[in-house]
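First the structure, in the form of structure tokens, and then the observations on it.
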Amino acid sequence: MRKLIFILTMLVLCVIGCLSRSGSFRTNYDFSGIDKIAIVAVEGQVPNYDARFQIADLFIMELLNKGYAPIPLSQVQAKARAVIAEANEISLDTYTELGQLLKAPAILIINVPYLDEEDMSITAQLIDTRDGSVLWMDQATGEIGLPIKESARNQEDYLMDPLLMFNEPQPAPQTVIVPPKPGERTLNSLESQKTKNIISSVCRSLPSAKTKKAEPAAAPVTKTKTRTTRTTSDW
């Protein structure tokens with residue numbers, strides 16, 4: 001019984017460690033005043049446009065669950081060509097101008113600083129379009145694929161199969177085709193599902209649209225009791 005309790009305790013500690021959050025948001029901000037959020041960019045190691053739209057659409061589901069009305073990345077890019085063409089470089093001011101053009105009080109900027117066949121790291125930040133200040137920011141990292149090491153598997157096949165042990169391995173082909181990485185192509189079903197889990201972890205610290213700024217504490221009310229004295233007189 002003690003051994004079972006110890007194992008369960010270790011599992012709980014491991015889960016808590018995996019779900020530890022580092023997100024922050026402005027505590028004195030009235031998030032209930034945000035009716036729309038424009039997804040203006042997916043930056044980082046995602047050169048493929050379809051993969052960017054996939055990641056942006058996964059954020060849309062999380063924003064809807066939080067009570068916000070998201071504007072998709074495709075719609076933002078369709079209306080923002082003039083702004084992007086006039087800007088010499090894409091900066092925070094450009095994204096803020098896009099949000100003002102779309103009449104969105106806040107914009108969402110998504111960054112994928114690391115992405116390969118196994119792991120992905122996603123950072124997201126919510127920006128106020130009025131002054132360009134950061135309202136919320138969070139980051140999460142997780143696995144997105146199950147890599148298969150062909151060299152190790154082939155070597156194991158030769159060691160385990162008695163027929164292949166006496167045959168010489170075939171020479172490797174001269175032309176090696178390197179498959180594109182997840183960011184260079186669309187995400188498959190497994191990668192998309194695991195990316196969704198990472199995005200859910202990122203958006204966990206995002207306040208909902210019903211979150212209002214903290215109201216100042218009211219002054220304590222002191223109650224006073226008045227004692228009335230009743231006098232009687234004899235006639």
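In the structure tokens, chains take letters A, B, ... by order of appearance, with residues numbered from 1 within each chain and ligands from 1 in the order shown.
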
Per DSSP on the backbone, filter range 20-159 of chain A down to the residues in strand (DSSP E or B) and report them as a ChimeraX atom specification. /A:24-25,36-44,69-71,106-115,119-128,134-143

Near Asp131 in chain A, within 12 Å and counting only C-alpha atoms, which residues show up once chain neighbours fewer than 5 positions away are dropped, as a list in words? Leu92, Asp93, Tyr95, Thr96, Glu97, Gly99, Gln100, Pro105, Ala106 and Ile107 of chain A

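Of the listed residues (A:Arg81, A:Lys36, A:Lys196, A:Arg52), A:Lys36 comes nearest to Ala69 in chain A; the distances count only C-alpha atoms.
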
Select from range 14-141 of chain A everything DSSP, run on the backbone, classes as alpha helix (DSSP H), then give the selection as a PyMOL selection string. chain A and resi 14-18+49-65+73-79+81-86+92-101

Quick one: residues within 8 Å of range 55-61 of chain A, only C-alpha atoms, excluding same-chain residues fewer than 5 positions away - as a PyMOL selection string? chain A and resi 39+42+70+72-73+110+195-196+199

Selected residues written out, C-alpha atoms, as a PDB file, in the first residue's frame:
```
ATOM      1  CA  ILE A  39      -4.506  37.045 -35.261  1.00  0.00           C
ATOM      2  CA  VAL A  42       2.604  33.407 -37.099  1.00  0.00           C
ATOM      3  CA  PRO A  70     -11.146  35.975 -33.113  1.00  0.00           C
ATOM      4  CA  PRO A  72      -8.642  34.591 -38.626  1.00  0.00           C
ATOM      5  CA  LEU A  73      -5.142  35.095 -39.985  1.00  0.00           C
ATOM      6  CA  ILE A 110       2.252  33.851 -32.463  1.00  0.00           C
ATOM      7  CA  THR A 195       0.271  21.018 -31.631  1.00  0.00           C
ATOM      8  CA  LYS A 196      -3.275  21.576 -30.403  1.00  0.00           C
ATOM      9  CA  ILE A 199      -1.525  25.581 -27.818  1.00  0.00           C
TER      10      ILE A 199
END
```

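The space separating CA of Val176 in chain A from CA of Ser121 in chain A comes to 28.6 Å.
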
Which polymer residues have any atom within 6 Å of an atom of Ile109 in chain A, counting only C-alpha atoms, with same-chain residues fewer than 6 positions away left out, as a PyMOL selection string? chain A and resi 41+124-125

From the options A:Cys203, A:Leu146, A:Ile37, A:Val134, which residue's atoms come nearest to Asp119 in chain A, counting only C-alpha atoms?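 Checking each candidate against Asp119 in chain A, we get A:Leu146 as the closest.
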
Can you pull out the residues contacting Ile122 in chain A? Cut-off 8 Å, using only C-alpha atoms, and skip same-chain residues under 6 positions away; I want them as a ChimeraX atom specification. /A:110-114,139-141,198-199,202

Filtering to C-alpha atoms, could you give me those residues as a tab-separated table (two decimals), in the first residue's frame?
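To be explicit, this is the file written out as selection-v6.tsv:
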```
chain	number	residue	atom	x	y	z
A	110	ILE	CA	2.25	33.85	-32.46
A	111	ASN	CA	5.90	32.83	-32.63
A	112	VAL	CA	7.34	29.35	-33.21
A	113	PRO	CA	11.02	29.74	-32.28
A	114	TYR	CA	11.77	26.01	-32.50
A	139	GLN	CA	5.06	29.89	-23.82
A	140	ALA	CA	4.99	26.08	-23.98
A	141	THR	CA	7.08	23.29	-25.48
A	198	ILE	CA	0.69	22.64	-26.85
A	199	ILE	CA	-1.53	25.58	-27.82
A	202	VAL	CA	-0.18	28.11	-23.88
```

Leu115 in chain A surroundings by only C-alpha atoms, 10 Å radius, close-in-sequence under 6 positions cut, as a PyMOL selection string: chain A and resi 44-46+121-122+141-144+181-184

Got time to write the residues from that selection, N, CA and C atoms, as a compact mmCIF listing (two decimals), in the first residue's frame?
```txt
# COMPACT_ATOMS: atom_id res chain seq x y z
N GLY A 44 8.50 32.80 -36.94
CA GLY A 44 9.43 31.78 -36.50
C GLY A 44 9.70 30.73 -37.55
N GLN A 45 9.89 29.50 -37.11
CA GLN A 45 10.30 28.39 -37.97
C GLN A 45 9.11 27.76 -38.70
N VAL A 46 8.29 28.61 -39.32
CA VAL A 46 7.13 28.11 -40.07
C VAL A 46 7.08 28.85 -41.41
N SER A 121 8.14 24.50 -29.99
CA SER A 121 8.02 25.53 -28.96
C SER A 121 7.19 26.68 -29.52
N ILE A 122 6.17 27.11 -28.77
CA ILE A 122 5.25 28.16 -29.22
C ILE A 122 5.18 29.25 -28.16
N THR A 141 6.30 24.17 -24.61
CA THR A 141 7.08 23.29 -25.48
C THR A 141 6.59 21.86 -25.30
N GLY A 142 6.56 21.12 -26.40
CA GLY A 142 6.11 19.73 -26.33
C GLY A 142 6.50 18.94 -27.55
N GLU A 143 6.25 17.64 -27.49
CA GLU A 143 6.55 16.74 -28.60
C GLU A 143 5.41 16.77 -29.61
N ILE A 144 5.75 16.67 -30.88
CA ILE A 144 4.73 16.68 -31.92
C ILE A 144 4.79 15.45 -32.83
N LYS A 181 10.69 19.40 -43.34
CA LYS A 181 10.37 19.42 -41.92
C LYS A 181 8.92 19.87 -41.73
N PRO A 182 8.37 19.68 -40.52
CA PRO A 182 6.98 20.09 -40.29
C PRO A 182 6.70 21.55 -40.62
N GLY A 183 7.63 22.45 -40.33
CA GLY A 183 7.40 23.86 -40.63
C GLY A 183 7.48 24.19 -42.10
N GLU A 184 8.07 23.30 -42.87
CA GLU A 184 8.21 23.51 -44.30
C GLU A 184 7.08 22.86 -45.10
```

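Atom to atom, CA of Thr175 in chain A and CA of Glu117 in chain A stand 21.6 Å apart.
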
Distance CA of Tyr68 in chain A-CA of Asn197 in chain A, one decimal place? 19.4 Å

Which residue out of A:Val40, A:Glu118, A:Trp136, A:Leu108 has the minimum interatomic distance to Thr94 in chain A when only C-alpha atoms are used?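 Between A:Val40, A:Glu118, A:Trp136, A:Leu108, the residue approaching Thr94 in chain A most closely is A:Val40.
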
Could you check the closest approach to Thr129 in chain A for each of A:Leu190, A:Val178, A:Ala80, A:Ala38 and tell me which residue wins, using only C-alpha atoms?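 Of A:Leu190, A:Val178, A:Ala80, A:Ala38, the one nearest Thr129 in chain A is A:Ala38, counting only C-alpha atoms.
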